[in-house]
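Asks: Right, I'll just put the structure down here and ask away after.
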Amino acid sequence: MEFENLLSLIEAVSESELTGLKYEENGVRLHLTKKQDKIQVVTAEPAAVTGTAAADSEGGALWGAAAQNEAKMPARADGSIVESPLVGTFYTAPSEESPAFVSVGDTVKKGQTLAIVEAMKLMNEIESDYDGTVTEILAENGQPVEYGQPLFRIC
């Protein structure tokens with residue numbers, strides 16, 4: 001192989017996207033490889049999820065702001081909060097034609113059904129953890145709710 005031909009092959013491999021070349025002629029073997037840039041792998045820890053993450057989901061903008069305000073305020077002594085145990089759609093009645101399970105001013109007992117949260121086509125009854133009177137319904141019928149979102153205030 002002529003020296004000029006060898007230089008041409010080296011130049012061709014260097015300027016191309018090839019990573020190497022094997023060439024054999026008249027018993028002469030030539031193996032050219034191009035030095036490749038190293039790839040640096042960067043890993044990072046996932047960011048911690050906070051109450052503001054709920055603001056990114058549908059219907060969560062108001063809940064995210066409420067969670068921030070509630071976290072900043074001291075616990076209120078004017079009632080106990082019943083929270084959603086799961087993510088889903090909040091319903092105050094078992095069907096559109098049925099009356100609501102409870103209304104503001106109703107007296108409830110511990111274990112009494114207050115509402116339903118539908119998740120993955122399953123209806124999950126939300127029961128009162130407290131005896132008392134419903135003073136506030138904090139979620140709207142037919143709207144999405146998040147895990148831990150306040151649903152009722154009972155005094």
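The way I read the labels, and the way they are meant: chains A, B, ... in the order of the structure tokens, residue 1 as the first residue of every chain, and ligand 1 as the first ligand shown, with later ones counted on from there.
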Using only C-alpha atoms, determine which residues lie at most 7 Å from range 7-22 of chain A, disregarding the query and same-chain residues fewer than 4 positions distant; provide the list as a PDB file with C-alpha atoms, in the first residue's frame.
Replies:
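Wrote it out as around-v6.pdb, contents follow:
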ATOM      1  CA  PHE A   3       1.983   5.885   1.810  1.00  0.00           C
ATOM      2  CA  LEU A  30      -4.823  -2.106   8.377  1.00  0.00           C
ATOM      3  CA  HIS A  31      -7.080  -1.357  11.323  1.00  0.00           C
ATOM      4  CA  LEU A  32      -7.869   2.303  12.051  1.00  0.00           C
ATOM      5  CA  THR A  33      -9.975   3.420  15.031  1.00  0.00           C
ATOM      6  CA  LYS A  34     -10.982   6.918  15.939  1.00  0.00           C
TER       7      LYS A  34
END
Asks: As a VMD selection string, please: the residues near range 85-101 of chain A (cut-off 9 Å, only C-alpha atoms, same-chain neighbours under 6 positions excluded).
Replies: chain A and resid 113 to 120 123 to 124 126 139 to 149 151
Asks: Considering only C-alpha atoms, can you say which of A:Glu24, A:Lys121, A:Asp78, A:Arg29 comes closest to Thr133 in chain A?
Replies: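 Comparing A:Glu24, A:Lys121, A:Asp78, A:Arg29 against Thr133 in chain A, the winner is A:Asp78.
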Asks: As a PyMOL selection string, list the residues of range 68-121 of chain A assigned to helix (DSSP H, G or I) by DSSP on the backbone atoms of this structure.
Replies: chain A and resi 68-72
Asks: Using only C-alpha atoms, please write the residues we just selected to a file, as a PDB file, in the first residue's frame.
Replies:
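Once everything was written out, this is result.pdb:
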ATOM      1  CA  GLN A  68     -49.853  26.274  51.606  1.00  0.00           C
ATOM      2  CA  ASN A  69     -52.092  28.662  53.548  1.00  0.00           C
ATOM      3  CA  GLU A  70     -53.257  25.925  55.913  1.00  0.00           C
ATOM      4  CA  ALA A  71     -49.672  24.850  56.594  1.00  0.00           C
ATOM      5  CA  LYS A  72     -48.761  28.431  57.539  1.00  0.00           C
TER       6      LYS A  72
END
Asks: I need the residue nearest Val134 in chain A from this list: A:Pro150, A:Val104, A:Lys110, A:Val28. Use only C-alpha atoms for the distance.
Replies: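 Among the listed residues, the smallest separation from Val134 in chain A belongs to A:Val104.
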Asks: How many Å separate CA of Leu122 in chain A from CA of Ser103 in chain A?
Replies: 23.3 Å
